[in-house]
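Asks: My file is start29.cif. It has mmCIF, C-alpha atoms and all ligand atoms:
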```
data_final
loop_
_atom_site.label_atom_id
_atom_site.label_comp_id
_atom_site.auth_asym_id
_atom_site.auth_seq_id
_atom_site.Cartn_x
_atom_site.Cartn_y
_atom_site.Cartn_z
CA MET G 104 -26.60 -0.97 -35.01
CA SER G 105 -28.33 -2.81 -37.83
CA ALA G 106 -26.43 -5.42 -39.80
CA ARG G 107 -23.87 -3.85 -42.07
CA THR G 108 -20.89 -4.98 -44.05
CA PHE G 109 -17.79 -2.83 -44.08
CA THR G 110 -14.70 -2.95 -46.29
CA SER G 111 -11.14 -3.04 -44.99
CA ILE G 112 -7.64 -3.34 -46.40
CA ALA G 113 -4.41 -4.58 -44.84
CA ALA G 114 -1.60 -2.09 -44.35
CA THR G 115 1.85 -2.39 -42.84
CA PRO G 116 4.63 0.14 -42.36
CA GLU G 117 7.34 -2.20 -43.69
CA ALA G 118 7.24 -5.21 -45.98
CA GLY G 119 8.06 -8.43 -44.11
CA PRO G 120 9.40 -11.77 -45.31
CA PHE G 121 5.88 -13.08 -45.89
CA ALA G 122 3.46 -10.38 -46.68
CA PRO G 123 0.13 -10.78 -48.43
CA ILE G 124 -0.40 -7.10 -47.67
CA PRO G 125 -1.54 -4.71 -50.38
CA LEU G 126 -0.63 -1.39 -48.75
CA VAL G 127 2.97 -0.98 -47.61
CA GLY G 128 4.57 2.22 -46.36
CA PRO G 129 4.12 4.90 -43.73
CA PHE G 130 0.55 4.89 -42.35
CA SER G 131 0.28 8.58 -43.28
CA GLU G 132 0.45 7.45 -46.93
CA THR G 133 -1.40 4.11 -46.83
CA PHE G 134 -4.35 5.52 -44.84
CA ALA G 135 -4.74 8.24 -47.48
CA GLN G 136 -4.65 5.61 -50.25
CA ALA G 137 -7.28 3.45 -48.52
CA ALA G 138 -9.58 6.43 -47.97
CA GLU G 139 -9.20 7.59 -51.55
CA LEU G 140 -10.13 4.11 -52.82
CA GLY G 141 -13.26 4.23 -50.64
CA TYR G 142 -12.41 1.65 -47.96
CA ASP G 143 -14.19 1.98 -44.61
CA ALA G 144 -11.33 0.60 -42.53
CA ILE G 145 -7.70 -0.44 -42.23
CA GLU G 146 -6.39 -3.76 -40.93
CA LEU G 147 -3.15 -2.96 -39.15
CA HIS G 148 -0.23 -5.38 -39.46
CA ILE G 149 2.37 -4.28 -36.96
CA ARG G 150 5.21 -6.00 -35.22
CA SER G 151 4.47 -4.81 -31.72
CA PRO G 152 2.22 -2.29 -29.98
CA LYS G 153 5.39 -0.33 -29.21
CA HIS G 154 5.90 0.42 -32.87
CA LEU G 155 3.25 3.04 -33.27
CA GLY G 156 1.32 5.19 -30.85
CA VAL G 157 -2.45 5.02 -30.71
CA ALA G 158 -2.63 8.82 -30.70
CA ALA G 159 -0.85 9.05 -34.07
CA ILE G 160 -3.13 6.40 -35.57
CA ASP G 161 -6.20 8.12 -34.14
CA ARG G 162 -5.25 11.40 -35.80
CA LEU G 163 -4.90 9.65 -39.16
CA LEU G 164 -8.23 7.86 -38.69
CA SER G 165 -10.10 11.10 -38.07
CA ARG G 166 -8.30 12.89 -40.90
CA HIS G 167 -9.36 10.17 -43.38
CA ASP G 168 -12.65 9.13 -41.75
CA LEU G 169 -11.47 5.51 -41.39
CA LEU G 170 -11.94 2.75 -38.81
CA VAL G 171 -9.45 0.12 -37.72
CA SER G 172 -11.14 -3.22 -38.39
CA ALA G 173 -8.51 -5.34 -36.68
CA ILE G 174 -4.92 -5.64 -35.62
CA ALA G 175 -3.14 -8.67 -37.08
CA THR G 176 -0.67 -10.18 -34.63
CA GLY G 177 1.26 -12.64 -36.82
CA GLN G 178 4.42 -10.58 -36.82
CA LEU G 179 4.90 -11.41 -33.11
CA TYR G 180 5.55 -15.02 -34.11
CA LEU G 181 7.39 -14.25 -37.33
CA HIS G 182 9.76 -11.69 -35.78
CA GLU G 183 9.89 -12.48 -32.06
CA GLY G 184 9.32 -16.26 -32.19
CA ILE G 185 6.81 -16.14 -29.31
CA SER G 186 3.65 -18.26 -29.44
CA PHE G 187 0.88 -19.83 -27.35
CA THR G 188 2.38 -23.30 -27.89
CA ASN G 189 6.07 -22.61 -27.31
CA PRO G 190 7.41 -25.33 -24.97
CA HIS G 191 9.10 -22.64 -22.84
CA LEU G 192 6.75 -21.08 -20.29
CA GLU G 193 8.43 -17.67 -20.49
CA MET G 194 7.84 -17.58 -24.27
CA ARG G 195 4.14 -18.38 -23.75
CA ARG G 196 3.90 -15.70 -21.04
CA ALA G 197 5.55 -13.24 -23.47
CA ALA G 198 2.95 -14.14 -26.11
CA ILE G 199 0.11 -13.56 -23.62
CA ALA G 200 1.60 -10.24 -22.51
CA ALA G 201 2.02 -9.07 -26.11
CA ILE G 202 -1.52 -10.08 -27.09
CA ASN G 203 -2.91 -8.33 -24.00
CA GLU G 204 -0.94 -5.21 -24.90
CA PHE G 205 -2.41 -5.41 -28.41
CA SER G 206 -5.87 -5.77 -26.80
CA ARG G 207 -5.38 -2.48 -24.94
CA MET G 208 -4.47 -0.83 -28.21
CA ALA G 209 -7.38 -2.51 -30.03
CA ALA G 210 -9.75 -1.21 -27.33
CA ASP G 211 -8.55 2.35 -27.90
CA LEU G 212 -9.05 1.95 -31.64
CA GLY G 213 -12.36 0.04 -31.50
CA ALA G 214 -10.73 -2.91 -33.28
CA SER G 215 -10.63 -6.70 -33.01
CA LEU G 216 -7.47 -8.82 -32.75
CA ILE G 217 -6.61 -11.55 -35.24
CA LEU G 218 -4.95 -14.68 -33.81
CA GLY G 219 -3.21 -16.50 -36.63
CA TYR G 220 0.45 -17.42 -36.43
CA ILE G 221 0.55 -16.68 -32.68
CA ARG G 222 -0.63 -20.28 -32.14
CA GLY G 223 2.83 -21.44 -33.26
CA LYS G 224 3.79 -24.82 -34.68
CA PHE G 225 2.64 -28.07 -33.10
CA GLY G 226 5.11 -30.88 -32.44
CA ASP G 227 5.14 -34.10 -34.48
CA ASP G 228 5.25 -35.99 -31.19
CA SER G 229 1.59 -36.55 -30.23
CA GLU G 230 2.26 -36.22 -26.49
CA LEU G 231 3.84 -32.80 -27.00
CA ALA G 232 1.06 -31.76 -29.41
CA ALA G 233 -1.57 -32.67 -26.79
CA ARG G 234 0.21 -30.52 -24.19
CA GLN G 235 0.48 -27.70 -26.71
CA ARG G 236 -3.29 -27.82 -27.34
CA GLN G 237 -3.84 -27.45 -23.60
CA TRP G 238 -1.39 -24.49 -23.44
CA MET G 239 -3.15 -22.92 -26.42
CA LEU G 240 -6.50 -23.30 -24.65
CA GLU G 241 -5.19 -21.73 -21.44
CA CYS G 242 -3.51 -18.86 -23.31
CA CYS G 243 -6.61 -18.12 -25.41
CA ARG G 244 -8.86 -18.15 -22.33
CA GLU G 245 -6.55 -15.84 -20.41
CA CYS G 246 -6.32 -13.41 -23.35
CA SER G 247 -10.10 -13.56 -23.97
CA ASP G 248 -10.79 -12.77 -20.32
CA PHE G 249 -8.37 -9.85 -20.47
CA ALA G 250 -9.95 -8.53 -23.68
CA ALA G 251 -13.62 -9.00 -22.73
CA PRO G 252 -14.00 -6.02 -20.35
CA LEU G 253 -12.16 -3.90 -22.94
CA GLY G 254 -14.85 -4.80 -25.50
CA VAL G 255 -12.28 -6.48 -27.75
CA LYS G 256 -12.94 -9.64 -29.78
CA LEU G 257 -10.22 -12.21 -30.41
CA LEU G 258 -10.60 -13.85 -33.81
CA LEU G 259 -8.94 -17.21 -34.45
CA GLU G 260 -8.03 -17.75 -38.10
CA PRO G 261 -7.96 -21.23 -39.65
CA ILE G 262 -4.77 -21.29 -41.76
CA ASN G 263 -3.96 -23.83 -44.46
CA ARG G 264 -1.82 -26.92 -43.86
CA TYR G 265 1.17 -25.62 -45.85
CA GLU G 266 1.67 -22.73 -43.42
CA MET G 267 0.47 -24.10 -40.06
CA ASN G 268 -0.01 -27.63 -38.76
CA ASP G 269 -3.12 -27.30 -36.62
CA PHE G 270 -6.45 -25.43 -36.70
CA ASN G 271 -6.45 -25.65 -40.49
CA THR G 272 -10.21 -26.01 -40.92
CA VAL G 273 -13.34 -24.17 -39.91
CA ALA G 274 -14.53 -27.31 -38.11
CA ALA G 275 -11.33 -27.48 -35.99
CA ALA G 276 -11.50 -23.77 -35.15
CA LEU G 277 -15.22 -23.93 -34.28
CA SER G 278 -14.68 -26.90 -32.02
CA PHE G 279 -11.83 -25.06 -30.27
CA ALA G 280 -13.93 -21.89 -29.91
CA GLY G 281 -16.60 -24.07 -28.30
CA ALA G 282 -14.03 -25.36 -25.81
CA ILE G 283 -12.82 -21.80 -25.06
CA ASP G 284 -16.45 -20.85 -24.41
CA ARG G 285 -16.04 -17.09 -24.26
CA PRO G 286 -18.42 -14.83 -26.24
CA ASN G 287 -15.56 -12.56 -27.37
CA PHE G 288 -13.56 -15.49 -28.78
CA GLN G 289 -14.73 -15.93 -32.37
CA LEU G 290 -13.40 -16.73 -35.83
CA ILE G 291 -12.05 -14.90 -38.82
CA LEU G 292 -12.29 -16.90 -42.04
CA ASP G 293 -9.99 -16.44 -45.02
CA THR G 294 -11.31 -17.62 -48.39
CA PHE G 295 -7.74 -18.30 -49.60
CA HIS G 296 -7.23 -20.85 -46.81
CA MET G 297 -10.81 -22.12 -47.16
CA ASN G 298 -10.24 -22.86 -50.84
CA ILE G 299 -7.46 -25.28 -49.80
CA GLU G 300 -9.04 -26.82 -46.69
CA GLU G 301 -12.84 -26.76 -46.83
CA PRO G 302 -14.95 -29.41 -48.54
CA SER G 303 -17.35 -26.58 -49.43
CA ILE G 304 -16.66 -22.91 -48.69
CA THR G 305 -20.35 -22.01 -48.55
CA SER G 306 -21.42 -24.83 -46.26
CA SER G 307 -18.51 -24.07 -43.91
CA ILE G 308 -19.69 -20.45 -43.80
CA GLY G 309 -23.13 -21.77 -42.84
CA LYS G 310 -21.62 -23.79 -39.98
CA ALA G 311 -19.79 -20.71 -38.64
CA ALA G 312 -22.97 -18.60 -38.52
CA GLY G 313 -23.03 -16.28 -35.51
CA CYS G 314 -19.32 -16.84 -34.79
CA VAL G 315 -17.66 -15.04 -37.70
CA PRO G 316 -17.71 -11.24 -37.88
CA TYR G 317 -14.74 -10.97 -40.25
CA PHE G 318 -13.45 -12.34 -43.54
CA HIS G 319 -10.20 -12.12 -45.41
CA MET G 320 -11.99 -12.09 -48.76
CA VAL G 321 -9.49 -12.95 -51.46
CA ASP G 322 -9.32 -15.26 -54.43
CA SER G 323 -7.94 -18.82 -54.72
CA ASN G 324 -4.50 -17.48 -55.74
CA ARG G 325 -4.53 -14.81 -53.01
CA TRP G 326 -5.16 -12.10 -55.58
CA ALA G 327 -8.14 -9.73 -55.51
CA PRO G 328 -11.59 -11.41 -55.76
CA GLY G 329 -12.45 -12.05 -59.38
CA PHE G 330 -8.88 -12.85 -60.46
CA GLY G 331 -8.77 -16.52 -59.44
CA HIS G 332 -11.42 -19.24 -59.59
CA THR G 333 -13.41 -18.69 -56.37
CA ASP G 334 -17.14 -17.98 -56.82
CA PHE G 335 -17.77 -14.80 -54.82
CA ARG G 336 -21.42 -14.53 -55.87
CA GLU G 337 -22.09 -17.83 -54.18
CA ILE G 338 -20.12 -16.69 -51.10
CA ALA G 339 -22.08 -13.41 -50.96
CA HIS G 340 -25.33 -15.39 -50.97
CA ALA G 341 -23.99 -17.61 -48.17
CA LEU G 342 -23.15 -14.47 -46.15
CA ARG G 343 -26.61 -13.10 -46.77
CA ALA G 344 -28.08 -16.39 -45.55
CA ILE G 345 -26.21 -16.16 -42.22
CA GLU G 346 -27.13 -12.44 -41.90
CA PHE G 347 -23.46 -11.53 -41.90
CA SER G 348 -22.45 -8.29 -40.27
CA GLY G 349 -18.81 -7.25 -40.12
CA PHE G 350 -15.77 -6.77 -42.32
CA LEU G 351 -14.64 -7.97 -45.73
CA ALA G 352 -10.90 -7.36 -45.68
CA ALA G 353 -8.28 -7.42 -48.43
CA GLU G 354 -5.32 -9.36 -47.08
CA MET G 355 -3.86 -10.31 -50.45
CA LEU G 356 -0.80 -10.29 -52.64
CA PRO G 357 -0.06 -6.96 -54.31
CA HIS G 358 -0.68 -8.33 -57.80
CA PRO G 359 -0.35 -6.92 -60.44
CA ASP G 360 0.65 -4.03 -58.18
CA HIS G 361 -0.40 -2.63 -54.79
CA LEU G 362 -2.92 -0.01 -55.87
CA THR G 363 -4.43 -1.99 -58.74
CA ALA G 364 -5.08 -4.94 -56.40
CA ALA G 365 -6.58 -2.58 -53.80
CA ARG G 366 -8.91 -1.08 -56.42
CA GLN G 367 -9.92 -4.50 -57.78
CA ALA G 368 -10.77 -5.76 -54.28
CA ILE G 369 -13.04 -2.88 -53.31
CA GLU G 370 -14.91 -3.13 -56.60
CA ALA G 371 -15.52 -6.83 -55.90
CA TYR G 372 -16.59 -6.07 -52.30
CA ARG G 373 -19.15 -3.53 -53.50
CA GLU G 374 -20.74 -6.16 -55.72
CA MET G 375 -20.78 -8.63 -52.83
CA ILE G 376 -22.26 -6.10 -50.40
CA ALA G 377 -25.05 -5.37 -52.86
CA ILE G 378 -26.00 -9.05 -52.56
CA ILE G 379 -25.37 -9.39 -48.79
CA GLU G 380 -27.43 -6.32 -47.90
CA ALA G 381 -30.10 -6.67 -50.60
MN MN Z 401 -5.76 -14.31 -43.60
#
```
Please lay out the structure from this file as structure tokens.
Ligand SMILES: [Mn+2]

Replies:
Amino acid sequence: MSARTFTSIAATPEAGPFAPIPLVGPFSETFAQAAELGYDAIELHIRSPKHLGVAAIDRLLSRHDLLVSAIATGQLYLHEGISFTNPHLEMRRAAIAAINEFSRMAADLGASLILGYIRGKFGDDSELAARQRQWMLECCRECSDFAAPLGVKLLLEPINRYEMNDFNTVAAALSFAGAIDRPNFQLILDTFHMNIEEPSITSSIGKAAGCVPYFHMVDSNRWAPGFGHTDFREIAHALRAIEFSGFLAAEMLPHPDHLTAARQAIEAYREMIAIIEA
């Protein structure tokens, strides 16, 4: 397949405590909304693979001619408290089992998995934090090796310092991906987090070339692109320079309302894609 950029939008069946998710409600409704707006794909935010059958999602995908770009796994940490760095072995094993279960589902849907909050919080104590980094490495390797024969990519997301206390920057995530050393372990970058953490969004994109098939493409205030102060023209040119191929996804606050934000984002993505694919 030649290089192509696809659009995606985040959807969840129920609003959570922390939810920069524009489409909320039964998938039968949100898939129809996404298709009507012209999105190519849905990013699924679900609490556990148990919560919705692949067969039901597949039927909706064919009905609306949509793809699943990725499954976001953050709700496992937010709701179940399991993570790759939990000091209790059984909680780490539960995180691995849940991510592997999500990988099976992602394989059936042709999707990637996003690893964000599942890394958990690192201890202030440096000795504990060092052990946690080792656990994180072992967990990510085990999950990558499980996902690889299924054709599933695991995408680690750098998240800003106010939400998570490690892997905040592209440099930290790239260095970790190098240590993991598995071709299906790559990065997802989120321009909202990048605006807080990166010295330069465009040069960090350059450094991640070849390792980033996916962006959460939202403005500095986590609204749709064009409604904060991030320069998306410059970002589109940076993506063109790295021959980007993959997804631009709207994981953003529903401002001023869900459908308006969704419409604003896809209009911005179309302008970006015109530059990226020119
Ligand atoms: Mn994100």

Asks: Of the candidates G:Thr333, G:Ile217, G:Ala137, G:Ile308, which shows the shortest atom-to-atom distance to G:Gln289, using only C-alpha atoms?

Replies: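 For G:Gln289, the nearest of the given residues is G:Ile217.
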
Asks: Choose the residue, out of G:Ser131, G:Ser165, G:Asn203, G:Thr294, that has the smallest atom-to-atom separation from ligand MN 401 (chain Z); count all atoms listed in the file.

Replies: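 Of the candidates, the smallest distance to ligand MN 401 (chain Z) is held by G:Thr294.
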
Asks: Using all atoms listed in the file, which of the listed residues (G:Ile145, G:Ile299, G:Ala214, G:Ile376) sits closest to G:Glu266?

Replies: G:Ile299

Asks: Taking all atoms listed in the file into account, list the residues no farther than 12 Å from ligand MN 401 (chain Z), as JSON, numbers by chain.

Replies: {"G": [112, 113, 121, 122, 123, 124, 146, 148, 173, 174, 175, 176, 177, 217, 218, 219, 220, 258, 259, 260, 261, 262, 263, 266, 271, 290, 291, 292, 293, 294, 295, 296, 297, 317, 318, 319, 320, 321, 322, 325, 351, 352, 353, 354, 355, 356]}

Asks: Please build the interface table for stretch 134-250 of chain G against stretch 358-363 of chain G with a cut-off of 12 Å, listing for each qualifying residue the nearest atom pair and the distance in Å to one decimal; count all atoms listed in the file, order rows by chain and increasing number, and write it as a Markdown table.

Replies:
```
| residue | atom | partner | partner_atom | distance |
| --- | --- | --- | --- | --- |
| G:Ala135 | CA | G:Leu362 | CA | 11.9 |
| G:Gln136 | CA | G:Leu362 | CA | 8.1 |
| G:Ala137 | CA | G:Leu362 | CA | 9.2 |
| G:Glu139 | CA | G:Leu362 | CA | 10.8 |
| G:Leu140 | CA | G:Leu362 | CA | 8.8 |
```

Asks: Point out the residue among G:Cys314, G:Ala144, G:Leu240, G:Ala276 with the least atom-to-atom distance to G:Leu212, counting only C-alpha atoms.

Replies: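 Counting only C-alpha atoms, the residue closest to G:Leu212 is G:Ala144.
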
Asks: Taking (-18.9, -5.0, -43.0) in the coordinates of the supplied file, I want to know which residues reach to within 8 Å of it, counting all atoms listed in the file; could you give the answer as a VMD selection string?

Replies: chain G and resid 107 to 110 317 348 to 351

Asks: Which one of G:Ala282, G:Leu231, G:Leu155, G:Leu277 sits closest to G:Cys243 if you count only C-alpha atoms?

Replies: G:Ala282

Asks: Quote the spacing between atom CA of G:Tyr265 and atom CA of G:His191 in Å to one decimal place.

Replies: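 About the pair atom CA of G:Tyr265 and atom CA of G:His191: they are 24.5 Å apart.
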
Asks: Reconstruct N, CA and C atoms of stretch 318-331 of chain G from the incomplete input and present them as a PDB file, in the coordinates of the input.

Replies:
```
ATOM      1  N   PHE G 318     -14.015 -11.491 -42.487  1.00  0.00           N
ATOM      2  CA  PHE G 318     -13.450 -12.340 -43.540  1.00  0.00           C
ATOM      3  C   PHE G 318     -12.234 -11.689 -44.182  1.00  0.00           C
ATOM      4  N   HIS G 319     -11.216 -12.495 -44.426  1.00  0.00           N
ATOM      5  CA  HIS G 319     -10.200 -12.120 -45.410  1.00  0.00           C
ATOM      6  C   HIS G 319     -10.756 -12.639 -46.728  1.00  0.00           C
ATOM      7  N   MET G 320     -11.233 -11.717 -47.564  1.00  0.00           N
ATOM      8  CA  MET G 320     -11.990 -12.090 -48.760  1.00  0.00           C
ATOM      9  C   MET G 320     -11.103 -11.916 -49.984  1.00  0.00           C
ATOM     10  N   VAL G 321     -10.454 -13.008 -50.340  1.00  0.00           N
ATOM     11  CA  VAL G 321      -9.490 -12.950 -51.460  1.00  0.00           C
ATOM     12  C   VAL G 321      -9.652 -14.208 -52.309  1.00  0.00           C
ATOM     13  N   ASP G 322      -9.093 -14.169 -53.495  1.00  0.00           N
ATOM     14  CA  ASP G 322      -9.320 -15.260 -54.430  1.00  0.00           C
ATOM     15  C   ASP G 322      -8.412 -16.468 -54.149  1.00  0.00           C
ATOM     16  N   SER G 323      -8.642 -17.546 -54.918  1.00  0.00           N
ATOM     17  CA  SER G 323      -7.940 -18.820 -54.720  1.00  0.00           C
ATOM     18  C   SER G 323      -6.413 -18.669 -54.812  1.00  0.00           C
ATOM     19  N   ASN G 324      -5.945 -17.710 -55.587  1.00  0.00           N
ATOM     20  CA  ASN G 324      -4.500 -17.480 -55.740  1.00  0.00           C
ATOM     21  C   ASN G 324      -3.995 -16.343 -54.843  1.00  0.00           C
ATOM     22  N   ARG G 325      -4.815 -15.919 -53.943  1.00  0.00           N
ATOM     23  CA  ARG G 325      -4.530 -14.810 -53.010  1.00  0.00           C
ATOM     24  C   ARG G 325      -4.417 -13.461 -53.717  1.00  0.00           C
ATOM     25  N   TRP G 326      -5.035 -13.385 -54.901  1.00  0.00           N
ATOM     26  CA  TRP G 326      -5.160 -12.100 -55.580  1.00  0.00           C
ATOM     27  C   TRP G 326      -6.530 -11.519 -55.212  1.00  0.00           C
ATOM     28  N   ALA G 327      -6.838 -10.350 -55.777  1.00  0.00           N
ATOM     29  CA  ALA G 327      -8.140  -9.730 -55.510  1.00  0.00           C
ATOM     30  C   ALA G 327      -9.272 -10.643 -55.992  1.00  0.00           C
ATOM     31  N   PRO G 328     -10.448 -10.594 -55.319  1.00  0.00           N
ATOM     32  CA  PRO G 328     -11.590 -11.410 -55.760  1.00  0.00           C
ATOM     33  C   PRO G 328     -11.918 -11.128 -57.221  1.00  0.00           C
ATOM     34  N   GLY G 329     -12.126 -12.206 -57.961  1.00  0.00           N
ATOM     35  CA  GLY G 329     -12.450 -12.050 -59.380  1.00  0.00           C
ATOM     36  C   GLY G 329     -11.257 -12.380 -60.271  1.00  0.00           C
ATOM     37  N   PHE G 330     -10.086 -12.607 -59.658  1.00  0.00           N
ATOM     38  CA  PHE G 330      -8.880 -12.850 -60.460  1.00  0.00           C
ATOM     39  C   PHE G 330      -8.308 -14.238 -60.233  1.00  0.00           C
ATOM     40  N   GLY G 331      -9.092 -15.104 -59.571  1.00  0.00           N
ATOM     41  CA  GLY G 331      -8.770 -16.520 -59.440  1.00  0.00           C
ATOM     42  C   GLY G 331     -10.032 -17.281 -59.803  1.00  0.00           C
TER      43      GLY G 331
END
```
